[in-house]
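Student: Just so it is clear, I am handing over work_5.cif, which has mmCIF, C-alpha atoms.
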data_entry
#
loop_
_atom_site.group_PDB
_atom_site.id
_atom_site.type_symbol
_atom_site.label_atom_id
_atom_site.label_comp_id
_atom_site.auth_asym_id
_atom_site.auth_seq_id
_atom_site.Cartn_x
_atom_site.Cartn_y
_atom_site.Cartn_z
ATOM 1 C CA MET A 293 -8.115 -62.689 -66.267
ATOM 2 C CA ARG A 294 -10.493 -65.240 -67.595
ATOM 3 C CA LYS A 295 -14.016 -66.089 -66.632
ATOM 4 C CA ARG A 296 -15.453 -69.350 -67.662
ATOM 5 C CA LYS A 297 -19.186 -69.623 -67.633
ATOM 6 C CA SER A 298 -20.438 -72.942 -66.550
ATOM 7 C CA ARG A 299 -23.514 -72.773 -68.789
ATOM 8 C CA GLY A 300 -22.756 -73.361 -72.412
ATOM 9 C CA HIS A 301 -19.242 -72.779 -73.724
ATOM 10 C CA GLU A 302 -19.214 -68.963 -73.851
ATOM 11 C CA GLU A 303 -16.065 -67.410 -72.593
ATOM 12 C CA VAL A 304 -15.737 -63.847 -71.395
ATOM 13 C CA GLU A 305 -12.196 -62.704 -71.538
ATOM 14 C CA LEU A 306 -11.225 -59.449 -69.991
ATOM 15 C CA ASN A 307 -8.346 -57.977 -71.883
ATOM 16 C CA VAL A 308 -6.008 -56.684 -69.227
ATOM 17 C CA THR A 309 -3.272 -55.746 -71.662
ATOM 18 C CA ALA A 310 -4.642 -52.255 -72.186
ATOM 19 C CA MET A 311 -5.015 -51.763 -68.478
ATOM 20 C CA LEU A 312 -1.485 -52.963 -67.917
ATOM 21 C CA ASP A 313 -0.215 -50.525 -70.542
ATOM 22 C CA MET A 314 -1.953 -47.684 -68.798
ATOM 23 C CA ALA A 315 -0.704 -48.837 -65.431
ATOM 24 C CA PHE A 316 2.873 -48.892 -66.737
ATOM 25 C CA GLN A 317 2.411 -45.406 -68.141
ATOM 26 C CA LEU A 318 1.271 -44.173 -64.765
ATOM 27 C CA LEU A 319 4.081 -46.015 -63.064
ATOM 28 C CA ALA A 320 6.657 -44.489 -65.396
ATOM 29 C CA PHE A 321 5.220 -41.036 -64.728
ATOM 30 C CA PHE A 322 5.389 -41.388 -60.963
ATOM 31 C CA VAL A 323 8.854 -42.944 -61.035
ATOM 32 C CA LEU A 324 10.205 -40.158 -63.223
ATOM 33 C CA THR A 325 8.628 -37.360 -61.214
ATOM 34 C CA PHE A 326 9.548 -38.870 -57.854
ATOM 35 C CA LYS A 327 11.772 -36.597 -55.888
ATOM 36 C CA PRO A 328 12.269 -37.216 -52.195
ATOM 37 C CA SER A 329 11.460 -33.983 -50.437
ATOM 38 C CA PRO A 330 13.975 -32.545 -47.961
ATOM 39 C CA VAL A 331 13.368 -33.786 -44.475
ATOM 40 C CA GLU A 332 12.807 -31.273 -41.754
ATOM 41 C CA GLY A 333 15.311 -31.988 -39.032
ATOM 42 C CA GLN A 334 16.486 -30.184 -35.979
ATOM 43 C CA LEU A 335 19.488 -29.304 -33.878
ATOM 44 C CA SER A 336 18.737 -29.979 -30.242
ATOM 45 C CA LEU A 337 20.504 -27.643 -27.886
ATOM 46 C CA ARG A 338 20.567 -26.691 -24.274
ATOM 47 C CA MET A 339 20.826 -22.956 -24.172
ATOM 48 C CA PRO A 340 21.250 -21.602 -20.663
ATOM 49 C CA VAL A 341 21.619 -17.873 -20.208
ATOM 50 C CA ALA A 342 25.282 -16.900 -20.555
ATOM 51 C CA GLN A 343 26.862 -16.450 -17.152
ATOM 52 C CA PRO A 344 29.318 -13.646 -16.377
ATOM 53 C CA ILE A 345 32.848 -14.880 -16.956
ATOM 54 C CA THR A 346 33.701 -14.079 -13.345
ATOM 55 C CA LYS A 347 31.193 -15.692 -11.056
ATOM 56 C CA VAL A 348 30.460 -13.404 -8.128
ATOM 57 C CA GLU A 349 29.176 -15.291 -5.120
ATOM 58 C CA ALA A 350 27.180 -13.844 -2.249
ATOM 59 C CA GLY A 351 29.325 -11.740 0.064
ATOM 60 C CA GLN A 352 31.921 -10.951 -2.585
ATOM 61 C CA LYS A 353 32.322 -7.303 -3.404
ATOM 62 C CA ALA A 354 35.056 -5.357 -5.122
ATOM 63 C CA GLY A 355 37.492 -3.906 -2.600
ATOM 64 C CA SER A 356 35.900 -5.608 0.392
ATOM 65 C CA ASP A 357 38.374 -8.428 0.639
ATOM 66 C CA GLN A 358 41.806 -6.869 0.958
ATOM 67 C CA ASN A 359 43.499 -10.143 1.827
ATOM 68 C CA ASN A 360 41.743 -12.005 -0.951
ATOM 69 C CA LEU A 361 40.429 -14.668 1.359
ATOM 70 C CA ASN A 362 37.280 -15.183 -0.627
ATOM 71 C CA PRO A 363 38.316 -14.716 -4.242
ATOM 72 C CA ALA A 364 35.715 -14.576 -6.971
ATOM 73 C CA GLN A 365 35.686 -17.797 -8.904
ATOM 74 C CA GLY A 366 36.333 -17.586 -12.606
ATOM 75 C CA LEU A 367 34.242 -19.475 -15.090
ATOM 76 C CA ASN A 368 36.258 -21.127 -17.791
ATOM 77 C CA THR A 369 34.491 -19.856 -20.847
ATOM 78 C CA LEU A 370 35.109 -20.702 -24.458
ATOM 79 C CA VAL A 371 34.082 -17.622 -26.395
ATOM 80 C CA ILE A 372 33.237 -17.978 -30.068
ATOM 81 C CA THR A 373 32.575 -14.790 -31.955
ATOM 82 C CA ALA A 374 30.646 -14.398 -35.196
ATOM 83 C CA LEU A 375 30.760 -10.970 -36.776
ATOM 84 C CA ALA A 376 28.619 -10.038 -39.736
ATOM 85 C CA ASN A 377 28.776 -7.543 -42.543
ATOM 86 C CA PRO A 378 25.768 -5.282 -43.212
ATOM 87 C CA ASP A 379 24.232 -7.956 -45.493
ATOM 88 C CA GLY A 380 24.109 -10.394 -42.601
ATOM 89 C CA GLU A 381 26.818 -12.639 -44.042
ATOM 90 C CA ILE A 382 29.722 -13.908 -41.970
ATOM 91 C CA LYS A 383 32.500 -11.346 -41.902
ATOM 92 C CA GLN A 384 34.765 -12.879 -39.313
ATOM 93 C CA LEU A 385 34.756 -15.751 -36.880
ATOM 94 C CA ALA A 386 36.922 -16.088 -33.825
ATOM 95 C CA VAL A 387 37.673 -18.555 -31.072
ATOM 96 C CA GLY A 388 39.080 -16.600 -28.173
ATOM 97 C CA ASP A 389 41.703 -14.347 -29.723
ATOM 98 C CA SER A 390 42.350 -16.275 -32.908
ATOM 99 C CA SER A 391 40.333 -15.169 -35.905
ATOM 100 C CA MET A 392 39.299 -17.068 -38.985
ATOM 101 C CA GLY A 393 37.063 -16.462 -41.954
ATOM 102 C CA THR A 394 35.157 -19.622 -42.672
ATOM 103 C CA PRO A 395 33.137 -22.174 -40.703
ATOM 104 C CA GLU A 396 35.582 -24.865 -41.883
ATOM 105 C CA ALA A 397 38.494 -23.046 -40.257
ATOM 106 C CA LEU A 398 36.341 -22.595 -37.151
ATOM 107 C CA SER A 399 35.714 -26.310 -37.106
ATOM 108 C CA ARG A 400 39.432 -27.078 -37.229
ATOM 109 C CA LYS A 401 40.222 -24.596 -34.473
ATOM 110 C CA LEU A 402 37.428 -25.891 -32.243
ATOM 111 C CA ALA A 403 38.556 -29.468 -32.746
ATOM 112 C CA GLU A 404 42.032 -28.407 -31.664
ATOM 113 C CA VAL A 405 40.791 -26.501 -28.604
ATOM 114 C CA LEU A 406 38.230 -29.051 -27.467
ATOM 115 C CA GLY A 407 40.591 -31.932 -28.151
ATOM 116 C CA ASP A 408 42.886 -30.758 -25.372
ATOM 117 C CA PRO A 409 41.909 -32.977 -22.430
ATOM 118 C CA THR A 410 43.583 -30.705 -19.880
ATOM 119 C CA PHE A 411 41.300 -27.799 -20.507
ATOM 120 C CA GLY A 412 37.719 -27.938 -19.335
ATOM 121 C CA PHE A 413 35.076 -25.344 -20.036
ATOM 122 C CA ASP A 414 32.241 -24.377 -17.763
ATOM 123 C CA GLN A 415 30.360 -22.814 -20.600
ATOM 124 C CA VAL A 416 30.575 -22.146 -24.304
ATOM 125 C CA VAL A 417 29.373 -18.701 -25.298
ATOM 126 C CA ILE A 418 28.761 -17.633 -28.868
ATOM 127 C CA GLN A 419 28.861 -13.882 -29.337
ATOM 128 C CA VAL A 420 26.767 -13.148 -32.366
ATOM 129 C CA ASP A 421 26.518 -9.948 -34.347
ATOM 130 C CA SER A 422 22.920 -8.741 -34.224
ATOM 131 C CA ARG A 423 22.842 -8.508 -38.034
ATOM 132 C CA LEU A 424 23.979 -12.077 -38.698
ATOM 133 C CA ARG A 425 21.327 -13.966 -40.625
ATOM 134 C CA TYR A 426 19.868 -17.056 -39.018
ATOM 135 C CA GLU A 427 21.012 -19.164 -41.977
ATOM 136 C CA ARG A 428 24.638 -18.226 -41.335
ATOM 137 C CA LEU A 429 24.263 -18.582 -37.581
ATOM 138 C CA MET A 430 23.031 -22.115 -38.109
ATOM 139 C CA GLU A 431 26.252 -22.875 -40.003
ATOM 140 C CA VAL A 432 28.218 -21.776 -36.945
ATOM 141 C CA ILE A 433 25.946 -23.753 -34.592
ATOM 142 C CA ASP A 434 26.276 -26.746 -36.901
ATOM 143 C CA VAL A 435 30.062 -26.579 -36.662
ATOM 144 C CA CYS A 436 29.842 -26.323 -32.866
ATOM 145 C CA THR A 437 27.394 -29.194 -32.412
ATOM 146 C CA ARG A 438 29.593 -31.477 -34.521
ATOM 147 C CA GLN A 439 32.435 -31.068 -32.033
ATOM 148 C CA LYS A 440 33.115 -33.640 -29.397
ATOM 149 C CA LEU A 441 34.100 -32.738 -25.867
ATOM 150 C CA PRO A 442 37.082 -34.515 -24.253
ATOM 151 C CA SER A 443 34.507 -36.619 -22.383
ATOM 152 C CA GLY A 444 33.309 -37.951 -25.726
ATOM 153 C CA GLU A 445 29.964 -36.194 -25.577
ATOM 154 C CA GLN A 446 28.726 -34.018 -28.362
ATOM 155 C CA LEU A 447 28.848 -30.290 -27.668
ATOM 156 C CA SER A 448 25.224 -29.304 -27.236
ATOM 157 C CA LYS A 449 25.234 -26.726 -24.463
ATOM 158 C CA LEU A 450 25.659 -23.283 -25.887
ATOM 159 C CA SER A 451 24.826 -19.794 -24.729
ATOM 160 C CA PHE A 452 24.304 -16.805 -26.944
ATOM 161 C CA VAL A 453 25.241 -13.201 -26.433
ATOM 162 C CA GLU A 454 24.133 -10.535 -28.864
ATOM 163 C CA LEU A 455 26.763 -8.117 -30.030
ATOM 164 C CA PRO A 456 25.563 -4.717 -31.224
ATOM 165 C CA ALA A 457 26.146 -4.012 -34.919
ATOM 166 C CA GLN A 458 29.600 -2.522 -35.379
ATOM 167 C CA MET B 282 1.271 -68.622 -65.728
ATOM 168 C CA SER B 283 -1.568 -70.581 -67.205
ATOM 169 C CA ALA B 284 -1.972 -72.048 -70.604
ATOM 170 C CA SER B 285 -5.202 -73.212 -72.148
ATOM 171 C CA VAL B 286 -5.708 -75.153 -75.235
ATOM 172 C CA HIS B 287 -8.459 -74.249 -77.728
ATOM 173 C CA GLY B 288 -8.027 -76.482 -80.637
ATOM 174 C CA GLY B 289 -4.557 -75.250 -81.522
ATOM 175 C CA ALA B 290 -1.958 -74.624 -78.853
ATOM 176 C CA SER B 291 -1.955 -71.089 -77.427
ATOM 177 C CA ALA B 292 -0.178 -69.727 -74.416
ATOM 178 C CA GLU B 293 -1.762 -66.882 -72.465
ATOM 179 C CA PRO B 294 0.322 -65.366 -69.745
ATOM 180 C CA ASN B 295 -1.626 -64.568 -66.619
ATOM 181 C CA LEU B 296 -1.189 -60.845 -66.275
ATOM 182 C CA THR B 297 -3.091 -60.505 -63.019
ATOM 183 C CA PRO B 298 -0.059 -60.706 -60.675
ATOM 184 C CA ILE B 299 1.957 -58.223 -62.701
ATOM 185 C CA LEU B 300 -1.012 -55.869 -62.769
ATOM 186 C CA ASP B 301 -1.370 -56.206 -59.023
ATOM 187 C CA MET B 302 2.274 -55.406 -58.540
ATOM 188 C CA VAL B 303 2.133 -52.397 -60.835
ATOM 189 C CA PHE B 304 -0.876 -51.040 -58.988
ATOM 190 C CA GLN B 305 0.988 -51.470 -55.732
ATOM 191 C CA LEU B 306 3.886 -49.460 -57.111
ATOM 192 C CA ILE B 307 1.571 -46.759 -58.450
ATOM 193 C CA THR B 308 -0.096 -46.521 -55.090
ATOM 194 C CA PHE B 309 3.294 -46.138 -53.408
ATOM 195 C CA PHE B 310 4.458 -43.375 -55.710
ATOM 196 C CA MET B 311 1.125 -41.592 -55.498
ATOM 197 C CA LEU B 312 1.341 -41.591 -51.728
ATOM 198 C CA VAL B 313 4.886 -40.295 -51.557
ATOM 199 C CA VAL B 314 4.456 -37.672 -54.235
ATOM 200 C CA ASN B 315 5.393 -34.292 -52.859
ATOM 201 C CA PHE B 316 2.523 -31.850 -52.800
ATOM 202 C CA LYS B 317 4.668 -28.933 -51.782
ATOM 203 C CA ALA B 318 1.973 -26.341 -51.517
ATOM 204 C CA ALA B 319 -0.079 -28.466 -49.171
ATOM 205 C CA ALA B 320 2.671 -29.795 -46.946
ATOM 206 C CA MET B 321 4.986 -26.860 -46.574
ATOM 207 C CA ASP B 322 4.587 -23.416 -45.225
ATOM 208 C CA LEU B 323 5.774 -21.575 -48.302
ATOM 209 C CA ASP B 324 6.561 -18.230 -46.755
ATOM 210 C CA LEU B 325 8.783 -19.837 -44.139
ATOM 211 C CA LYS B 326 12.107 -20.933 -45.548
ATOM 212 C CA LEU B 327 14.103 -22.877 -43.022
ATOM 213 C CA PRO B 328 17.905 -22.805 -43.066
ATOM 214 C CA VAL B 329 19.717 -25.782 -44.516
ATOM 215 C CA VAL B 330 22.012 -27.704 -42.196
ATOM 216 C CA GLY B 331 23.504 -30.991 -43.226
ATOM 217 C CA SER B 332 23.614 -32.420 -39.737
ATOM 218 C CA ALA B 333 19.977 -31.654 -38.878
ATOM 219 C CA ARG B 334 18.620 -34.791 -37.268
ATOM 220 C CA PRO B 335 15.145 -36.107 -37.879
ATOM 221 C CA VAL B 336 12.799 -35.163 -35.106
ATOM 222 C CA ASP B 337 13.240 -37.375 -32.073
ATOM 223 C CA THR B 338 11.145 -36.237 -29.143
ATOM 224 C CA GLN B 339 12.395 -39.145 -26.986
ATOM 225 C CA GLY B 340 8.926 -39.646 -25.623
ATOM 226 C CA GLU B 341 8.612 -36.024 -24.700
ATOM 227 C CA THR B 342 5.347 -34.554 -25.820
ATOM 228 C CA ASP B 343 5.446 -31.118 -24.262
ATOM 229 C CA LEU B 344 6.709 -28.945 -27.056
ATOM 230 C CA LEU B 345 6.271 -25.242 -27.599
ATOM 231 C CA ILE B 346 6.420 -24.635 -31.324
ATOM 232 C CA LEU B 347 7.196 -21.113 -32.455
ATOM 233 C CA ASN B 348 7.275 -20.135 -36.120
ATOM 234 C CA ILE B 349 9.191 -16.939 -36.755
ATOM 235 C CA ASN B 350 8.696 -15.436 -40.187
ATOM 236 C CA ALA B 351 11.016 -13.215 -42.196
ATOM 237 C CA GLU B 352 9.677 -10.090 -40.457
ATOM 238 C CA GLY B 353 10.412 -11.563 -37.053
ATOM 239 C CA LYS B 354 6.720 -12.076 -36.261
ATOM 240 C CA VAL B 355 5.943 -15.143 -34.172
ATOM 241 C CA ARG B 356 3.162 -17.318 -35.531
ATOM 242 C CA VAL B 357 1.497 -20.159 -33.734
ATOM 243 C CA TYR B 358 -1.072 -22.324 -35.498
ATOM 244 C CA GLY B 359 -1.104 -19.843 -38.365
ATOM 245 C CA GLN B 360 -1.983 -16.885 -36.166
ATOM 246 C CA VAL B 361 0.411 -14.026 -35.543
ATOM 247 C CA VAL B 362 1.111 -13.587 -31.849
ATOM 248 C CA ASP B 363 1.140 -9.882 -30.998
ATOM 249 C CA ASP B 364 2.376 -10.079 -27.438
ATOM 250 C CA VAL B 365 5.112 -12.707 -27.596
ATOM 251 C CA SER B 366 6.215 -12.250 -24.005
ATOM 252 C CA ALA B 367 2.695 -12.754 -22.627
ATOM 253 C CA TYR B 368 2.153 -15.782 -24.844
ATOM 254 C CA ILE B 369 5.413 -17.438 -23.769
ATOM 255 C CA ALA B 370 4.663 -16.619 -20.120
ATOM 256 C CA THR B 371 1.285 -18.339 -20.422
ATOM 257 C CA GLU B 372 2.841 -21.355 -22.110
ATOM 258 C CA ALA B 373 5.563 -21.496 -19.450
ATOM 259 C CA GLN B 374 2.894 -21.559 -16.729
ATOM 260 C CA ALA B 375 1.031 -24.333 -18.504
ATOM 261 C CA SER B 376 4.223 -26.352 -19.040
ATOM 262 C CA LEU B 377 5.208 -25.827 -15.420
ATOM 263 C CA LEU B 378 1.834 -27.039 -14.183
ATOM 264 C CA SER B 379 1.991 -30.148 -16.309
ATOM 265 C CA ALA B 380 5.598 -30.791 -15.225
ATOM 266 C CA GLN B 381 4.611 -30.406 -11.573
ATOM 267 C CA VAL B 382 2.387 -33.453 -11.909
ATOM 268 C CA LYS B 383 5.543 -35.545 -12.340
ATOM 269 C CA ASN B 384 7.827 -33.430 -10.214
ATOM 270 C CA PRO B 385 5.888 -31.582 -7.475
ATOM 271 C CA GLY B 386 9.055 -29.844 -6.232
ATOM 272 C CA LEU B 387 9.352 -27.796 -9.405
ATOM 273 C CA LYS B 388 8.717 -24.112 -8.858
ATOM 274 C CA TYR B 389 8.556 -20.984 -10.967
ATOM 275 C CA GLY B 390 12.034 -19.969 -12.104
ATOM 276 C CA ASP B 391 13.318 -23.543 -12.304
ATOM 277 C CA GLU B 392 14.173 -25.043 -15.634
ATOM 278 C CA ILE B 393 11.022 -26.271 -17.330
ATOM 279 C CA PRO B 394 11.461 -29.753 -18.832
ATOM 280 C CA SER B 395 9.869 -28.744 -22.122
ATOM 281 C CA THR B 396 11.446 -28.086 -25.472
ATOM 282 C CA VAL B 397 10.930 -24.924 -27.457
ATOM 283 C CA VAL B 398 10.879 -25.782 -31.139
ATOM 284 C CA ILE B 399 11.961 -22.813 -33.212
ATOM 285 C CA ARG B 400 11.080 -22.776 -36.883
ATOM 286 C CA ALA B 401 12.601 -19.538 -38.022
ATOM 287 C CA ASP B 402 13.000 -18.097 -41.485
ATOM 288 C CA ARG B 403 16.562 -18.363 -42.736
ATOM 289 C CA SER B 404 16.829 -14.651 -43.490
ATOM 290 C CA ILE B 405 15.995 -13.141 -40.125
ATOM 291 C CA PRO B 406 18.766 -11.303 -38.313
ATOM 292 C CA PHE B 407 19.981 -12.697 -35.013
ATOM 293 C CA SER B 408 18.616 -9.731 -33.056
ATOM 294 C CA LEU B 409 15.017 -10.759 -33.815
ATOM 295 C CA LEU B 410 15.671 -14.410 -33.054
ATOM 296 C CA ASN B 411 17.543 -13.590 -29.877
ATOM 297 C CA GLY B 412 14.582 -11.560 -28.637
ATOM 298 C CA VAL B 413 12.386 -14.664 -28.759
ATOM 299 C CA ILE B 414 15.068 -16.968 -27.324
ATOM 300 C CA SER B 415 15.794 -14.580 -24.449
ATOM 301 C CA THR B 416 12.096 -14.337 -23.628
ATOM 302 C CA CYS B 417 11.871 -18.123 -23.515
ATOM 303 C CA GLN B 418 14.971 -18.336 -21.308
ATOM 304 C CA LYS B 419 13.548 -15.704 -18.984
ATOM 305 C CA HIS B 420 10.507 -17.888 -18.427
ATOM 306 C CA GLY B 421 12.497 -21.031 -17.688
ATOM 307 C CA PHE B 422 12.816 -22.711 -21.076
ATOM 308 C CA HIS B 423 16.362 -23.878 -21.672
ATOM 309 C CA ARG B 424 15.903 -26.726 -24.101
ATOM 310 C CA PHE B 425 15.628 -25.679 -27.687
ATOM 311 C CA ALA B 426 15.273 -27.452 -30.983
ATOM 312 C CA LEU B 427 16.256 -25.347 -33.980
ATOM 313 C CA LYS B 428 14.560 -26.607 -37.101
ATOM 314 C CA ALA B 429 16.403 -26.868 -40.384
ATOM 315 C CA MET B 430 16.106 -28.741 -43.647
ATOM 316 C CA ASN B 431 18.673 -31.447 -44.293
ATOM 317 C CA LYS B 432 19.188 -30.382 -47.904
ATOM 318 C CA THR B 433 18.308 -27.603 -50.280
ATOM 319 C CA GLU B 434 14.971 -27.651 -52.022
ATOM 320 C CA GLU B 435 15.287 -27.680 -55.777
#
What do you get writing this file as structure tokens?
Tutor:
Amino acid sequence: MRKRKSRGHEEVELNVTAMLDMAFQLLAFFVLTFKPSPVEGQLSLRMPVAQPITKVEAGQKAGSDQNNLNPAQGLNTLVITALANPDGEIKQLAVGDSSMGTPEALSRKLAEVLGDPTFGFDQVVIQVDSRLRYERLMEVIDVCTRQKLPSGEQLSKLSFVELPAQ
Amino acid sequence: MSASVHGGASAEPNLTPILDMVFQLITFFMLVVNFKAAAMDLDLKLPVVGSARPVDTQGETDLLILNINAEGKVRVYGQVVDDVSAYIATEAQASLLSAQVKNPGLKYGDEIPSTVVIRADRSIPFSLLNGVISTCQKHGFHRFALKAMNKTEE
């Protein structure tokens, strides 16, 4: 920067070199210490209360309909089970009757089950061991919410049932 | 770049633009620097989920934010809520009233069009979390947003 005084021929020169040096030092410091912080995100879910697997309508009662004229309607339910060990880590996962040990295997199984266009589910229920840590549960939920339904939608409607510690 | 001639030839680069630019960069990095202690609730460690999406409220402003710490205590605005059920019931009533402005047919027991945002510590067992979720469901909340970090903090 240079200022030129109109009176006389004196010149005042501001030496910006030192300031620039300092500015570069500061810049280097901030560039080197820059670390993007993790972003807080979310998994959006619809979580209705889990319905009984057999849906009993009004007027239906066990033994009251000998001729089975008004049968109880069954709810097609995909049951995912997450069992935990005493430390709250995942001990076993299951989809229906088939068991697996890791969320990756669960993902493969779910993709296989949900990829079948002939089978529709009324609800997806996750049975969770009461000891399972939230961190591990989120891994299971993450696997589930990554799945696509035959309709092409993302699976986002889940119900939870708490299993007592075994 | 300007050059002035004093007797002999001398070239003086004009450093003003570069200085301006450097100050801009410094300002940027100063603003994005991560003051962890100030920005984050240190005793609440959220789980890490790769697919956690950035918050998108889709224009919805009615959110019930519940922080659940490692002991399973619910905190709202930094205060521990002793009676969680009563608190959620009150919030459900308030959400219902505000939703009835848009939809007068809505009645108690219907699904409330509000989202419960759960920020829970990663170490809590499911039983404690499920207690809070069940209470919310009982009062008509069915939309949930489970908060998680998109990557591990170093």
Student: Could you tell me which residues of chain B sit within 6 Å of chain A when counting only C-alpha atoms, and give me the result as a PyMOL selection string?
Tutor: chain B and resi 300+307+310+328+333-336+403-408+423-432
Student: Print the selection's residues with C-alpha atoms to a file, as a PDB file, in the coordinates of the input.
Tutor:
ATOM      1  CA  LEU B 300      -1.012 -55.869 -62.769  1.00  0.00           C
ATOM      2  CA  ILE B 307       1.571 -46.759 -58.450  1.00  0.00           C
ATOM      3  CA  PHE B 310       4.458 -43.375 -55.710  1.00  0.00           C
ATOM      4  CA  PRO B 328      17.905 -22.805 -43.066  1.00  0.00           C
ATOM      5  CA  ALA B 333      19.977 -31.654 -38.878  1.00  0.00           C
ATOM      6  CA  ARG B 334      18.620 -34.791 -37.268  1.00  0.00           C
ATOM      7  CA  PRO B 335      15.145 -36.107 -37.879  1.00  0.00           C
ATOM      8  CA  VAL B 336      12.799 -35.163 -35.106  1.00  0.00           C
ATOM      9  CA  ARG B 403      16.562 -18.363 -42.736  1.00  0.00           C
ATOM     10  CA  SER B 404      16.829 -14.651 -43.490  1.00  0.00           C
ATOM     11  CA  ILE B 405      15.995 -13.141 -40.125  1.00  0.00           C
ATOM     12  CA  PRO B 406      18.766 -11.303 -38.313  1.00  0.00           C
ATOM     13  CA  PHE B 407      19.981 -12.697 -35.013  1.00  0.00           C
ATOM     14  CA  SER B 408      18.616  -9.731 -33.056  1.00  0.00           C
ATOM     15  CA  HIS B 423      16.362 -23.878 -21.672  1.00  0.00           C
ATOM     16  CA  ARG B 424      15.903 -26.726 -24.101  1.00  0.00           C
ATOM     17  CA  PHE B 425      15.628 -25.679 -27.687  1.00  0.00           C
ATOM     18  CA  ALA B 426      15.273 -27.452 -30.983  1.00  0.00           C
ATOM     19  CA  LEU B 427      16.256 -25.347 -33.980  1.00  0.00           C
ATOM     20  CA  LYS B 428      14.560 -26.607 -37.101  1.00  0.00           C
ATOM     21  CA  ALA B 429      16.403 -26.868 -40.384  1.00  0.00           C
ATOM     22  CA  MET B 430      16.106 -28.741 -43.647  1.00  0.00           C
ATOM     23  CA  ASN B 431      18.673 -31.447 -44.293  1.00  0.00           C
ATOM     24  CA  LYS B 432      19.188 -30.382 -47.904  1.00  0.00           C
TER      25      LYS B 432
END
Student: Give as a PDB file with C-alpha atoms, in the coordinates of the input every residue, naming chains and numbers as the document does, that has an atom within 6 Å of (29.6, -20.6, -24.0), counting all atoms listed in the file.
Tutor:
ATOM      1  CA  THR A 369      34.491 -19.856 -20.847  1.00  0.00           C
ATOM      2  CA  LEU A 370      35.109 -20.702 -24.458  1.00  0.00           C
ATOM      3  CA  VAL A 371      34.082 -17.622 -26.395  1.00  0.00           C
ATOM      4  CA  GLN A 415      30.360 -22.814 -20.600  1.00  0.00           C
ATOM      5  CA  VAL A 416      30.575 -22.146 -24.304  1.00  0.00           C
ATOM      6  CA  VAL A 417      29.373 -18.701 -25.298  1.00  0.00           C
ATOM      7  CA  ILE A 418      28.761 -17.633 -28.868  1.00  0.00           C
ATOM      8  CA  LEU A 450      25.659 -23.283 -25.887  1.00  0.00           C
ATOM      9  CA  SER A 451      24.826 -19.794 -24.729  1.00  0.00           C
TER      10      SER A 451
END
Student: With the PyMOL selection byres ((chain B and resi 418) around 12) as the selection, what would be picked from this file? Answer as an MDAnalysis selection string, please.
Tutor: (chainID A and resid 338:342 451:452) or (chainID B and resid 366 369:370 373 390:393 395:397 411:417 419:425)
Student: Please report the interatomic distance between atom CA of B:Asp363 and atom CA of B:Leu344 in Å with one decimal.
Tutor: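 Spanning atom CA of B:Asp363 to atom CA of B:Leu344 is a straight-line distance of 20.2 Å.
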Student: Between atom CA of A:Glu445 and atom CA of A:Leu398, what is the distance in Å, rounded to a tenth?
Tutor: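 Going from atom CA of A:Glu445 over to atom CA of A:Leu398, I get 19.0 Å.
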Student: Kindly give the distance, in Å, that separates atom CA of B:Gln381 and atom CA of B:Asp343, rounded to a single decimal.
Tutor: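 Here the two named atoms are 12.7 Å from each other.
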Student: Within 9 Å of B:Leu325, counting all atoms listed in the file, which residues show up once you throw out same-chain ones fewer than 3 positions away? Write them as a ChimeraX atom specification, please.
Tutor: /B:321-322,348-351,400-403
Student: Carefully work through the PyMOL selection byres ((chain A and resi 389) around 12) for this structure and note down the residues it includes, as a VMD selection string.
Tutor: chain A and resid 370 to 373 384 to 388 390 to 392 401
Student: Would you mind writing stretch 375-383 of chain B with N, CA and C atoms, as a PDB file, keeping the file's coordinate frame?
Tutor:
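So rebuild-v9.pdb came out as:
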ATOM      1  N   ALA B 375       1.712 -23.078 -18.180  1.00  0.00           N
ATOM      2  CA  ALA B 375       1.031 -24.333 -18.504  1.00  0.00           C
ATOM      3  C   ALA B 375       2.013 -25.507 -18.470  1.00  0.00           C
ATOM      4  N   SER B 376       3.209 -25.285 -19.032  1.00  0.00           N
ATOM      5  CA  SER B 376       4.223 -26.352 -19.040  1.00  0.00           C
ATOM      6  C   SER B 376       4.665 -26.684 -17.625  1.00  0.00           C
ATOM      7  N   LEU B 377       4.786 -25.637 -16.811  1.00  0.00           N
ATOM      8  CA  LEU B 377       5.208 -25.827 -15.420  1.00  0.00           C
ATOM      9  C   LEU B 377       4.167 -26.649 -14.666  1.00  0.00           C
ATOM     10  N   LEU B 378       2.901 -26.310 -14.875  1.00  0.00           N
ATOM     11  CA  LEU B 378       1.834 -27.039 -14.183  1.00  0.00           C
ATOM     12  C   LEU B 378       1.826 -28.508 -14.582  1.00  0.00           C
ATOM     13  N   SER B 379       2.008 -28.752 -15.876  1.00  0.00           N
ATOM     14  CA  SER B 379       1.991 -30.148 -16.309  1.00  0.00           C
ATOM     15  C   SER B 379       3.241 -30.882 -15.832  1.00  0.00           C
ATOM     16  N   ALA B 380       4.367 -30.145 -15.720  1.00  0.00           N
ATOM     17  CA  ALA B 380       5.598 -30.791 -15.225  1.00  0.00           C
ATOM     18  C   ALA B 380       5.511 -31.058 -13.731  1.00  0.00           C
ATOM     19  N   GLN B 381       4.738 -30.226 -13.027  1.00  0.00           N
ATOM     20  CA  GLN B 381       4.611 -30.406 -11.573  1.00  0.00           C
ATOM     21  C   GLN B 381       3.847 -31.678 -11.211  1.00  0.00           C
ATOM     22  N   VAL B 382       3.088 -32.190 -12.159  1.00  0.00           N
ATOM     23  CA  VAL B 382       2.387 -33.453 -11.909  1.00  0.00           C
ATOM     24  C   VAL B 382       3.421 -34.561 -11.673  1.00  0.00           C
ATOM     25  N   LYS B 383       4.487 -34.538 -12.480  1.00  0.00           N
ATOM     26  CA  LYS B 383       5.543 -35.545 -12.340  1.00  0.00           C
ATOM     27  C   LYS B 383       6.522 -35.168 -11.241  1.00  0.00           C
TER      28      LYS B 383
END
